[in-house]
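One file, query-v3.cif, carrying mmCIF, C-alpha atoms:
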data_data
#
loop_
_atom_site.label_atom_id
_atom_site.label_comp_id
_atom_site.auth_asym_id
_atom_site.auth_seq_id
_atom_site.Cartn_x
_atom_site.Cartn_y
_atom_site.Cartn_z
CA MET H 13 72.65 27.77 -46.38
CA ARG H 14 75.06 29.88 -44.35
CA LEU H 15 74.82 30.25 -40.56
CA THR H 16 76.47 33.06 -38.61
CA VAL H 17 76.34 33.96 -34.92
CA GLU H 18 77.01 37.06 -32.80
CA LEU H 19 76.36 38.47 -29.32
CA HIS H 20 74.48 41.67 -28.43
CA ARG H 21 74.08 43.33 -25.04
CA PHE H 22 70.83 45.12 -24.22
CA SER H 23 70.78 47.18 -21.02
CA LEU H 24 67.72 47.12 -18.76
CA LYS H 25 65.91 50.28 -17.73
CA ALA H 26 66.56 49.34 -14.09
CA PRO H 27 68.00 46.35 -12.21
CA PHE H 28 65.57 43.41 -12.22
CA ARG H 29 65.49 41.08 -9.20
CA ILE H 30 64.12 37.59 -8.71
CA ALA H 31 64.58 35.19 -5.80
CA SER H 32 67.88 33.83 -7.12
CA ALA H 33 69.49 36.61 -9.19
CA VAL H 34 69.71 40.28 -10.14
CA PHE H 35 70.03 41.42 -13.77
CA ASP H 36 71.10 44.75 -15.25
CA ALA H 37 71.24 43.64 -18.90
CA THR H 38 70.31 40.79 -21.19
CA HIS H 39 73.01 39.19 -23.35
CA ALA H 40 71.43 38.01 -26.57
CA LEU H 41 72.85 35.37 -28.90
CA ILE H 42 71.72 36.07 -32.48
CA VAL H 43 71.90 33.35 -35.14
CA THR H 44 71.37 34.33 -38.77
CA ALA H 45 70.53 31.72 -41.44
CA GLU H 46 71.00 32.91 -45.03
CA GLU H 47 70.10 31.22 -48.29
CA GLY H 48 70.33 33.27 -51.46
CA ARG H 49 68.58 36.57 -50.86
CA HIS H 50 66.61 35.22 -47.91
CA ARG H 51 67.60 35.65 -44.28
CA GLY H 52 66.15 34.33 -41.02
CA ARG H 53 67.12 35.25 -37.46
CA GLY H 54 66.75 33.68 -34.03
CA GLU H 55 67.62 34.95 -30.55
CA ALA H 56 68.40 33.18 -27.29
CA GLU H 57 69.57 34.22 -23.85
CA GLY H 58 70.25 30.75 -22.44
CA VAL H 59 69.05 29.12 -19.22
CA PHE H 60 71.16 30.64 -16.46
CA TYR H 61 70.00 28.22 -13.77
CA CYS H 62 71.24 25.36 -15.94
CA GLY H 63 74.68 26.94 -16.15
CA GLU H 64 74.21 28.49 -19.59
CA THR H 65 75.61 31.92 -20.42
CA ALA H 66 75.57 33.88 -23.64
CA ARG H 67 79.24 33.01 -24.05
CA SER H 68 78.71 29.28 -23.49
CA ILE H 69 75.88 29.01 -26.01
CA LEU H 70 77.90 31.11 -28.47
CA GLU H 71 80.67 28.52 -28.34
CA GLU H 72 78.10 25.73 -28.67
CA VAL H 73 76.67 27.28 -31.84
CA ARG H 74 80.13 27.93 -33.28
CA ALA H 75 81.02 24.27 -32.84
CA PHE H 76 77.73 23.29 -34.42
CA ILE H 77 78.31 25.55 -37.44
CA ALA H 78 81.78 24.05 -37.91
CA ALA H 79 80.26 20.56 -37.93
CA TYR H 80 77.43 21.53 -40.30
CA PRO H 81 78.89 24.23 -42.59
CA ASP H 82 76.16 23.76 -45.22
CA GLY H 83 73.27 24.17 -42.78
CA ILE H 84 70.74 21.71 -41.42
CA THR H 85 67.01 20.98 -41.30
CA ARG H 86 64.94 21.57 -38.20
CA ASP H 87 64.23 17.84 -37.81
CA VAL H 88 67.91 16.92 -37.83
CA LEU H 89 68.69 19.85 -35.55
CA GLN H 90 66.58 18.27 -32.80
CA THR H 91 68.89 15.25 -32.78
CA VAL H 92 72.30 16.94 -32.87
CA LEU H 93 71.89 19.77 -30.34
CA PRO H 94 70.40 19.29 -26.87
CA PRO H 95 67.57 21.43 -25.46
CA GLY H 96 68.85 24.85 -24.46
CA GLY H 97 69.64 28.31 -25.72
CA ALA H 98 71.96 27.29 -28.56
CA ARG H 99 69.38 25.09 -30.25
CA ASN H 100 66.68 27.70 -29.65
CA ALA H 101 68.53 30.39 -31.58
CA VAL H 102 69.23 28.07 -34.52
CA ASP H 103 65.72 26.58 -34.55
CA CYS H 104 64.04 30.00 -34.59
CA ALA H 105 66.39 31.25 -37.30
CA LEU H 106 65.41 28.26 -39.45
CA TRP H 107 61.69 28.92 -38.91
CA ASP H 108 62.18 32.54 -39.93
CA LEU H 109 64.20 31.52 -42.98
CA ASP H 110 61.52 29.02 -44.02
CA ALA H 111 58.89 31.75 -43.85
CA LYS H 112 61.00 34.20 -45.85
CA ARG H 113 62.00 31.81 -48.64
CA SER H 114 58.54 30.20 -48.96
CA GLY H 115 56.68 33.50 -48.97
CA ARG H 116 54.32 32.09 -46.34
CA SER H 117 53.78 33.45 -42.84
CA ILE H 118 54.86 31.57 -39.73
CA TRP H 119 51.15 31.22 -38.98
CA ALA H 120 50.57 29.32 -42.22
CA LEU H 121 53.69 27.21 -41.74
CA ILE H 122 52.91 26.16 -38.19
CA GLY H 123 49.11 26.05 -38.38
CA VAL H 124 48.27 28.54 -35.61
CA GLU H 125 45.76 31.38 -35.91
CA PRO H 126 47.27 34.74 -34.86
CA ARG H 127 45.46 36.90 -32.33
CA ARG H 128 46.21 39.82 -30.08
CA LEU H 129 47.53 38.60 -26.72
CA THR H 130 47.36 39.87 -23.17
CA THR H 131 50.76 39.54 -21.56
CA ALA H 132 51.58 39.66 -17.89
CA VAL H 133 53.66 42.64 -16.81
CA THR H 134 56.31 41.59 -14.32
CA ILE H 135 56.82 43.18 -10.90
CA GLY H 136 60.38 42.43 -9.83
CA LEU H 137 61.42 41.60 -6.29
CA GLU H 138 62.13 44.74 -4.24
CA PRO H 139 63.41 45.19 -0.66
CA ASP H 140 59.99 45.86 0.84
CA PRO H 141 56.28 45.41 0.03
CA GLU H 142 55.60 49.14 -0.38
CA MET H 143 58.18 49.45 -3.16
CA MET H 144 56.56 46.58 -5.03
CA ALA H 145 53.12 48.13 -4.58
CA ASP H 146 54.48 51.38 -6.01
CA THR H 147 55.86 49.52 -9.03
CA ALA H 148 52.48 47.84 -9.53
CA ARG H 149 50.76 51.23 -9.33
CA ARG H 150 53.14 52.75 -11.88
CA ALA H 151 52.57 49.82 -14.27
CA GLY H 152 49.17 51.36 -15.02
CA PRO H 153 45.92 49.55 -15.79
CA VAL H 154 47.46 46.39 -17.24
CA PRO H 155 45.16 43.37 -16.79
CA VAL H 156 47.74 40.82 -15.52
CA LEU H 157 50.63 41.28 -13.10
CA LYS H 158 53.27 38.61 -12.55
CA VAL H 159 54.84 39.16 -9.13
CA LYS H 160 58.28 37.86 -8.18
CA LEU H 161 58.51 36.63 -4.57
CA ASN H 162 60.95 34.90 -2.26
CA ALA H 163 60.71 33.71 1.34
CA ASP H 164 60.70 37.24 2.78
CA ARG H 165 57.17 38.47 3.66
CA PRO H 166 55.42 36.97 0.64
CA VAL H 167 51.89 37.53 1.94
CA GLU H 168 52.62 41.15 2.91
CA ARG H 169 53.94 41.84 -0.58
CA ILE H 170 50.84 40.49 -2.28
CA GLU H 171 48.58 42.32 0.19
CA ALA H 172 50.34 45.59 -0.65
CA ILE H 173 49.99 44.99 -4.40
CA ARG H 174 46.38 43.89 -4.08
CA ALA H 175 45.60 47.10 -2.20
CA VAL H 176 46.66 49.24 -5.18
CA ARG H 177 45.46 46.82 -7.89
CA PRO H 178 42.27 45.15 -6.60
CA ASP H 179 41.18 44.52 -10.19
CA ALA H 180 44.32 42.84 -11.58
CA VAL H 181 44.84 39.17 -12.28
CA LEU H 182 47.82 38.22 -10.10
CA VAL H 183 50.29 35.47 -10.92
CA VAL H 184 53.05 34.74 -8.39
CA ASP H 185 56.49 33.45 -9.40
CA VAL H 186 58.67 32.18 -6.54
CA ASN H 187 61.63 31.00 -8.68
CA GLU H 188 62.33 28.01 -6.39
CA GLY H 189 62.34 30.24 -3.30
CA TRP H 190 60.12 28.33 -0.83
CA THR H 191 60.12 25.09 1.10
CA ILE H 192 57.15 22.75 1.14
CA GLU H 193 56.38 23.96 4.68
CA GLN H 194 56.24 27.57 3.57
CA LEU H 195 54.08 26.66 0.60
CA ARG H 196 51.60 24.95 2.91
CA ASP H 197 51.59 27.99 5.21
CA VAL H 198 51.32 30.66 2.54
CA ALA H 199 49.05 29.10 -0.12
CA PRO H 200 45.75 29.70 1.78
CA ALA H 201 46.55 33.41 2.08
CA MET H 202 47.40 33.51 -1.63
CA ALA H 203 44.00 31.99 -2.37
CA ARG H 204 42.32 34.60 -0.16
CA LEU H 205 44.14 37.32 -2.10
CA ARG H 206 42.84 35.85 -5.37
CA VAL H 207 46.20 34.80 -6.76
CA GLU H 208 45.55 32.85 -9.98
CA MET H 209 48.68 30.71 -9.96
CA LEU H 210 51.84 29.92 -7.97
CA GLU H 211 54.80 29.33 -10.24
CA GLN H 212 57.73 27.12 -9.20
CA PRO H 213 57.43 27.40 -5.41
CA LEU H 214 59.98 24.65 -4.66
CA PRO H 215 63.53 24.10 -5.92
CA ARG H 216 63.98 21.98 -9.02
CA GLY H 217 64.54 18.37 -7.97
CA GLN H 218 62.41 18.64 -4.84
CA ASP H 219 59.08 18.15 -6.60
CA ALA H 220 58.40 14.84 -4.85
CA ALA H 221 57.48 16.89 -1.77
CA LEU H 222 54.30 17.85 -3.65
CA ASP H 223 53.05 14.25 -3.80
CA GLY H 224 49.68 14.15 -2.06
CA TYR H 225 49.54 17.91 -1.55
CA VAL H 226 46.43 19.69 -2.86
CA SER H 227 47.14 23.39 -3.25
CA PRO H 228 44.29 25.91 -2.95
CA VAL H 229 46.02 27.82 -5.77
CA PRO H 230 47.03 26.04 -9.01
CA LEU H 231 50.75 25.27 -9.21
CA CYS H 232 52.84 25.85 -12.33
CA ALA H 233 56.15 24.14 -13.09
CA ASP H 234 58.89 26.26 -14.65
CA GLU H 235 62.42 25.27 -13.65
CA SER H 236 61.13 21.74 -12.99
CA CYS H 237 60.00 21.18 -16.59
CA LEU H 238 62.56 22.17 -19.19
CA HIS H 239 61.37 20.08 -22.16
CA SER H 240 59.09 17.18 -23.12
CA GLY H 241 61.44 14.63 -21.55
CA GLU H 242 60.61 16.09 -18.12
CA LEU H 243 56.85 16.23 -18.49
CA ASP H 244 56.21 12.97 -16.65
CA ALA H 245 58.10 14.29 -13.59
CA VAL H 246 55.61 17.13 -13.08
CA ARG H 247 52.35 15.35 -13.94
CA GLY H 248 50.23 14.91 -10.83
CA ARG H 249 52.28 17.49 -8.94
CA TYR H 250 51.56 20.63 -10.96
CA GLN H 251 48.45 21.77 -12.79
CA ARG H 252 50.24 23.93 -15.37
CA ILE H 253 53.64 24.27 -17.00
CA ASN H 254 55.55 27.34 -18.14
CA ILE H 255 57.11 26.71 -21.56
CA LYS H 256 60.14 28.81 -22.51
CA LEU H 257 61.90 28.45 -25.83
CA ASP H 258 65.34 28.72 -24.24
CA LYS H 259 64.45 25.71 -22.08
CA THR H 260 62.94 23.57 -24.85
CA GLY H 261 65.59 24.45 -27.39
CA GLY H 262 63.32 26.24 -29.83
CA LEU H 263 59.80 26.59 -31.18
CA THR H 264 59.78 23.07 -32.67
CA GLU H 265 60.15 21.34 -29.31
CA ALA H 266 58.00 23.96 -27.56
CA MET H 267 55.06 23.13 -29.83
CA ARG H 268 55.60 19.42 -29.20
CA LEU H 269 55.67 19.96 -25.43
CA ALA H 270 52.51 22.08 -25.61
CA ARG H 271 50.63 19.31 -27.42
CA MET H 272 51.82 16.67 -24.97
CA ALA H 273 50.93 18.82 -21.96
CA ARG H 274 47.42 19.47 -23.28
CA GLU H 275 46.94 15.74 -23.82
CA ALA H 276 48.00 15.23 -20.20
CA GLY H 277 45.37 17.72 -19.03
CA LEU H 278 47.82 20.46 -18.02
CA GLY H 279 47.31 24.18 -18.49
CA LEU H 280 49.87 26.16 -20.47
CA MET H 281 51.86 29.32 -19.95
CA VAL H 282 54.52 30.77 -22.23
CA GLY H 283 57.35 32.62 -20.51
CA ASN H 284 60.70 34.14 -21.33
CA MET H 285 64.30 34.46 -20.13
CA MET H 286 64.11 38.21 -20.79
CA GLY H 287 65.25 39.22 -24.26
CA THR H 288 64.20 41.48 -27.09
CA SER H 289 61.21 41.42 -29.42
CA LEU H 290 63.17 39.03 -31.64
CA ALA H 291 63.22 36.51 -28.80
CA MET H 292 59.54 37.12 -27.97
CA ALA H 293 58.25 36.77 -31.56
CA PRO H 294 58.38 32.94 -31.75
CA SER H 295 57.14 32.80 -28.15
CA PHE H 296 54.15 34.85 -29.34
CA VAL H 297 53.26 32.01 -31.72
CA LEU H 298 53.20 29.55 -28.83
CA GLY H 299 51.33 32.10 -26.72
CA CYS H 300 48.34 31.86 -29.05
CA LEU H 301 47.85 28.32 -27.68
CA CYS H 302 48.36 29.20 -23.99
CA ASP H 303 46.17 30.13 -21.04
CA PHE H 304 48.72 32.61 -19.64
CA VAL H 305 51.24 34.69 -21.55
CA ASP H 306 54.41 36.31 -20.19
CA ILE H 307 56.36 37.94 -23.03
CA ASP H 308 56.98 41.38 -21.55
CA GLY H 309 60.78 41.09 -21.77
CA PRO H 310 61.15 44.03 -24.19
CA LEU H 311 59.37 46.33 -21.72
CA LEU H 312 62.31 45.91 -19.32
CA LEU H 313 64.87 47.04 -21.91
CA ALA H 314 66.31 50.49 -22.48
CA HIS H 315 66.32 49.75 -26.23
CA ASP H 316 64.78 47.07 -28.46
CA TRP H 317 65.28 46.01 -32.08
CA PRO H 318 63.67 48.18 -34.78
CA ASN H 319 60.18 47.00 -35.79
CA GLY H 320 59.73 45.32 -32.42
CA LEU H 321 56.53 44.10 -30.85
CA THR H 322 53.88 46.72 -30.10
CA PHE H 323 52.70 46.78 -26.47
CA ASP H 324 49.70 48.75 -25.27
CA ALA H 325 48.56 48.50 -21.63
CA GLY H 326 49.40 44.82 -21.38
CA ARG H 327 48.17 43.91 -24.85
CA VAL H 328 50.58 42.96 -27.61
CA ASP H 329 50.06 42.57 -31.34
CA PRO H 330 51.46 39.73 -33.50
CA PRO H 331 55.03 40.25 -34.76
CA ARG H 332 55.47 41.77 -38.17
CA PRO H 333 57.32 39.65 -40.78
CA VAL H 334 60.03 42.31 -41.04
CA LEU H 335 60.98 41.37 -37.47
CA TRP H 336 60.44 37.61 -37.61
CA GLY H 337 58.21 35.04 -39.26
#

Could you quickly redo this structure as structure tokens?
Amino acid sequence: MRLTVELHRFSLKAPFRIASAVFDATHALIVTAEEGRHRGRGEAEGVFYCGETARSILEEVRAFIAAYPDGITRDVLQTVLPPGGARNAVDCALWDLDAKRSGRSIWALIGVEPRRLTTAVTIGLEPDPEMMADTARRAGPVPVLKVKLNADRPVERIEAIRAVRPDAVLVVDVNEGWTIEQLRDVAPAMARLRVEMLEQPLPRGQDAALDGYVSPVPLCADESCLHSGELDAVRGRYQRINIKLDKTGGLTEAMRLARMAREAGLGLMVGNMMGTSLAMAPSFVLGCLCDFVDIDGPLLLAHDWPNGLTFDAGRVDPPRPVLWG
């Protein structure tokens, strides 16, 4: 087996804002695993709020390739690279290679039944509520909107969006932007506005403030639950978790975390760190096991890979093997 790695930059159609950052491009790390005439690929962007950059995970993968020049199995990979973007790219490349050289689909290899998914379409944070409502209107009749919020007029923003999309399922993502006091103040209004879920309202590491709090809207942990080793820290405080392959370090650990979370009685969401259809394809596999799906990253891009995922009004079809799996 031969592993190679490279970086690609994909510009966004427009700047994308969340509570803690603004993005104008996604920097994708691509790992290719080759064996004979077979080739598998994996993509990662890294976890920026953990200090990862495309450059840092590139160097991590280069060091890994130097240490394992003849390749590695997925099981051993879990023990020699930590959770994060570097392991994600390698892990997904190995899954793709396994599918290509075995002649079996990723669905057969992993034991998941493929189905068409409904993905949330993300409404980025804008300077005022009316701009966000206009973005929601222009998104068209998609069934699910995921709305980025911060501490500035959160209720007014959701009211404006609800006015133009009274029919949509609304998911709110705060990206660590509130205090426990603001959560207590705002959550009843979010329930009144029929918000389905509040994602990561508090900063990572401040989850103990949720002890004893009963939210009128289900809470979902994102930044506070990176991988299976952090599951115990969110049990009893959140009702759902958002699993992202860049956080878990690949599809192998993501599937393990999903099983453990289900056994703990938690709901599941699959998310993304932006990225192309190549990054979303393994997330699609996990999405077939989830209650909520957020894999709209390619819709933010000016250009995607050839043979990318097919999106139609918030619905997305399974990836084709020519792309991945």

- Query: Hey, what comes out of the PyMOL selection byres ((chain H and resi 237-249) around 7) on this file? Could you write it as a list of chain:residue names?
  - Reply: H:Leu222, H:Asp223, H:Ala233, H:Asp234, H:Glu235, H:Ser236, H:Tyr250, H:Gln251, H:Lys259, H:Thr260, H:Leu269

- Task: Name the residues captured by the PyMOL selection byres ((chain H and resi 183) around 12) when it is applied to the shown file; answer as a ChimeraX atom specification.
- Result: /H:131-135,155-161,170,173-174,180-182,184-186,202-203,205-212,229-232,281,304-306

Please produce an output containing C-alpha atoms for each residue in the selection, written as a PDB file, in the frame of the given file.
ATOM      1  CA  THR H 131      50.760  39.540 -21.560  1.00  0.00           C
ATOM      2  CA  ALA H 132      51.580  39.660 -17.890  1.00  0.00           C
ATOM      3  CA  VAL H 133      53.660  42.640 -16.810  1.00  0.00           C
ATOM      4  CA  THR H 134      56.310  41.590 -14.320  1.00  0.00           C
ATOM      5  CA  ILE H 135      56.820  43.180 -10.900  1.00  0.00           C
ATOM      6  CA  PRO H 155      45.160  43.370 -16.790  1.00  0.00           C
ATOM      7  CA  VAL H 156      47.740  40.820 -15.520  1.00  0.00           C
ATOM      8  CA  LEU H 157      50.630  41.280 -13.100  1.00  0.00           C
ATOM      9  CA  LYS H 158      53.270  38.610 -12.550  1.00  0.00           C
ATOM     10  CA  VAL H 159      54.840  39.160  -9.130  1.00  0.00           C
ATOM     11  CA  LYS H 160      58.280  37.860  -8.180  1.00  0.00           C
ATOM     12  CA  LEU H 161      58.510  36.630  -4.570  1.00  0.00           C
ATOM     13  CA  ILE H 170      50.840  40.490  -2.280  1.00  0.00           C
ATOM     14  CA  ILE H 173      49.990  44.990  -4.400  1.00  0.00           C
ATOM     15  CA  ARG H 174      46.380  43.890  -4.080  1.00  0.00           C
ATOM     16  CA  ALA H 180      44.320  42.840 -11.580  1.00  0.00           C
ATOM     17  CA  VAL H 181      44.840  39.170 -12.280  1.00  0.00           C
ATOM     18  CA  LEU H 182      47.820  38.220 -10.100  1.00  0.00           C
ATOM     19  CA  VAL H 184      53.050  34.740  -8.390  1.00  0.00           C
ATOM     20  CA  ASP H 185      56.490  33.450  -9.400  1.00  0.00           C
ATOM     21  CA  VAL H 186      58.670  32.180  -6.540  1.00  0.00           C
ATOM     22  CA  MET H 202      47.400  33.510  -1.630  1.00  0.00           C
ATOM     23  CA  ALA H 203      44.000  31.990  -2.370  1.00  0.00           C
ATOM     24  CA  LEU H 205      44.140  37.320  -2.100  1.00  0.00           C
ATOM     25  CA  ARG H 206      42.840  35.850  -5.370  1.00  0.00           C
ATOM     26  CA  VAL H 207      46.200  34.800  -6.760  1.00  0.00           C
ATOM     27  CA  GLU H 208      45.550  32.850  -9.980  1.00  0.00           C
ATOM     28  CA  MET H 209      48.680  30.710  -9.960  1.00  0.00           C
ATOM     29  CA  LEU H 210      51.840  29.920  -7.970  1.00  0.00           C
ATOM     30  CA  GLU H 211      54.800  29.330 -10.240  1.00  0.00           C
ATOM     31  CA  GLN H 212      57.730  27.120  -9.200  1.00  0.00           C
ATOM     32  CA  VAL H 229      46.020  27.820  -5.770  1.00  0.00           C
ATOM     33  CA  PRO H 230      47.030  26.040  -9.010  1.00  0.00           C
ATOM     34  CA  LEU H 231      50.750  25.270  -9.210  1.00  0.00           C
ATOM     35  CA  CYS H 232      52.840  25.850 -12.330  1.00  0.00           C
ATOM     36  CA  MET H 281      51.860  29.320 -19.950  1.00  0.00           C
ATOM     37  CA  PHE H 304      48.720  32.610 -19.640  1.00  0.00           C
ATOM     38  CA  VAL H 305      51.240  34.690 -21.550  1.00  0.00           C
ATOM     39  CA  ASP H 306      54.410  36.310 -20.190  1.00  0.00           C
TER      40      ASP H 306
END

- Message: Quick check on the file I pasted: which residues fall under the PyMOL selection byres ((chain H and resi 24-27) around 9)? Write them as a list of chain:residue names.
- Response: H:Phe22, H:Ser23, H:Phe28, H:Arg29, H:Val34, H:Phe35, H:Asp36, H:Ala37, H:Thr38, H:Gly136, H:Leu311, H:Leu312, H:Leu313, H:Ala314, H:His315

- Pro200 in chain H proximity check over H:Glu125, H:Gly261, H:Ala221, H:Ser227, using all atoms listed in the file: winner is H:Ser227

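The spacing separating CA of Gly262 in chain H from CA of Asp324 in chain H amounts to 26.7 Å.
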
- Message: So, with all atoms listed in the file as the atoms that count, which of H:Arg327, H:Arg99, H:Arg51, H:Arg67 lies closest to Arg21 in chain H?
- Response: H:Arg67

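Interatomic distance, CA of His50 in chain H to CA of Ala105 in chain H: 11.3 Å.
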
- Note on the structure: Counting all atoms listed in the file, the residue among H:Asp164, H:Thr130, H:Ile307, H:Leu109 that lies closest to Leu335 in chain H is H:Leu109

Which residues of range 94-171 of chain H sit at most 8 Å from range 68-87 of chain H, using only C-alpha atoms? Give each one's shortest atom pair and distance in Å (one decimal place), in chain and ascending residue order, as JSON lines.
{"residue": "H:Gly97", "atom": "CA", "partner": "H:Ile69", "partner_atom": "CA", "distance": 6.3}
{"residue": "H:Ala98", "atom": "CA", "partner": "H:Ile69", "partner_atom": "CA", "distance": 5.0}
{"residue": "H:Arg99", "atom": "CA", "partner": "H:Val73", "partner_atom": "CA", "distance": 7.8}
{"residue": "H:Val102", "atom": "CA", "partner": "H:Val73", "partner_atom": "CA", "distance": 7.9}
{"residue": "H:Asp103", "atom": "CA", "partner": "H:Arg86", "partner_atom": "CA", "distance": 6.2}
{"residue": "H:Leu106", "atom": "CA", "partner": "H:Arg86", "partner_atom": "CA", "distance": 6.8}

- Task: Considering all atoms listed in the file, return as a PyMOL selection string whatever protein or nucleic-acid residues lie within 6 Å of Thr44 in chain H, sequence-local ones (same chain, fewer than 6 positions apart) excluded.
- Result: chain H and resi 15-16+52-53

Pull C-alpha atoms from the residues just selected and write them as an mmCIF file, in the coordinates of the input.
data_model
loop_
_atom_site.group_PDB
_atom_site.id
_atom_site.type_symbol
_atom_site.label_atom_id
_atom_site.label_comp_id
_atom_site.auth_asym_id
_atom_site.auth_seq_id
_atom_site.Cartn_x
_atom_site.Cartn_y
_atom_site.Cartn_z
ATOM 1 C CA LEU H 15 74.820 30.250 -40.560
ATOM 2 C CA THR H 16 76.470 33.060 -38.610
ATOM 3 C CA GLY H 52 66.150 34.330 -41.020
ATOM 4 C CA ARG H 53 67.120 35.250 -37.460
#

- For Leu321 in chain H, list every protein, DNA or RNA residue within 12 Å, evaluated using all atoms listed in the file, and leave out those in the same chain fewer than 4 positions away; present the list as a VMD selection string. chain H and resid 128 to 129 131 287 to 296 307 to 311 316 to 317 326 to 336

Can I get the selection written as a tab-separated table (two decimals), in the coordinates of the input, with C-alpha atoms?
chain	number	residue	atom	x	y	z
H	128	ARG	CA	46.21	39.82	-30.08
H	129	LEU	CA	47.53	38.60	-26.72
H	131	THR	CA	50.76	39.54	-21.56
H	287	GLY	CA	65.25	39.22	-24.26
H	288	THR	CA	64.20	41.48	-27.09
H	289	SER	CA	61.21	41.42	-29.42
H	290	LEU	CA	63.17	39.03	-31.64
H	291	ALA	CA	63.22	36.51	-28.80
H	292	MET	CA	59.54	37.12	-27.97
H	293	ALA	CA	58.25	36.77	-31.56
H	294	PRO	CA	58.38	32.94	-31.75
H	295	SER	CA	57.14	32.80	-28.15
H	296	PHE	CA	54.15	34.85	-29.34
H	307	ILE	CA	56.36	37.94	-23.03
H	308	ASP	CA	56.98	41.38	-21.55
H	309	GLY	CA	60.78	41.09	-21.77
H	310	PRO	CA	61.15	44.03	-24.19
H	311	LEU	CA	59.37	46.33	-21.72
H	316	ASP	CA	64.78	47.07	-28.46
H	317	TRP	CA	65.28	46.01	-32.08
H	326	GLY	CA	49.40	44.82	-21.38
H	327	ARG	CA	48.17	43.91	-24.85
H	328	VAL	CA	50.58	42.96	-27.61
H	329	ASP	CA	50.06	42.57	-31.34
H	330	PRO	CA	51.46	39.73	-33.50
H	331	PRO	CA	55.03	40.25	-34.76
H	332	ARG	CA	55.47	41.77	-38.17
H	333	PRO	CA	57.32	39.65	-40.78
H	334	VAL	CA	60.03	42.31	-41.04
H	335	LEU	CA	60.98	41.37	-37.47
H	336	TRP	CA	60.44	37.61	-37.61

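Note that the spacing between CA of Asp140 in chain H and CA of Met286 in chain H amounts to 23.3 Å.
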
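Every protein, DNA or RNA residue with an atom at most 8 Å from Gly279 in chain H, where all atoms listed in the file count and chain neighbours fewer than 2 positions away do not, is listed here: Gln251, Arg252, Ile253, Ala273, Arg274, Gly277, Met281, Cys302 and Asp303 of chain H.
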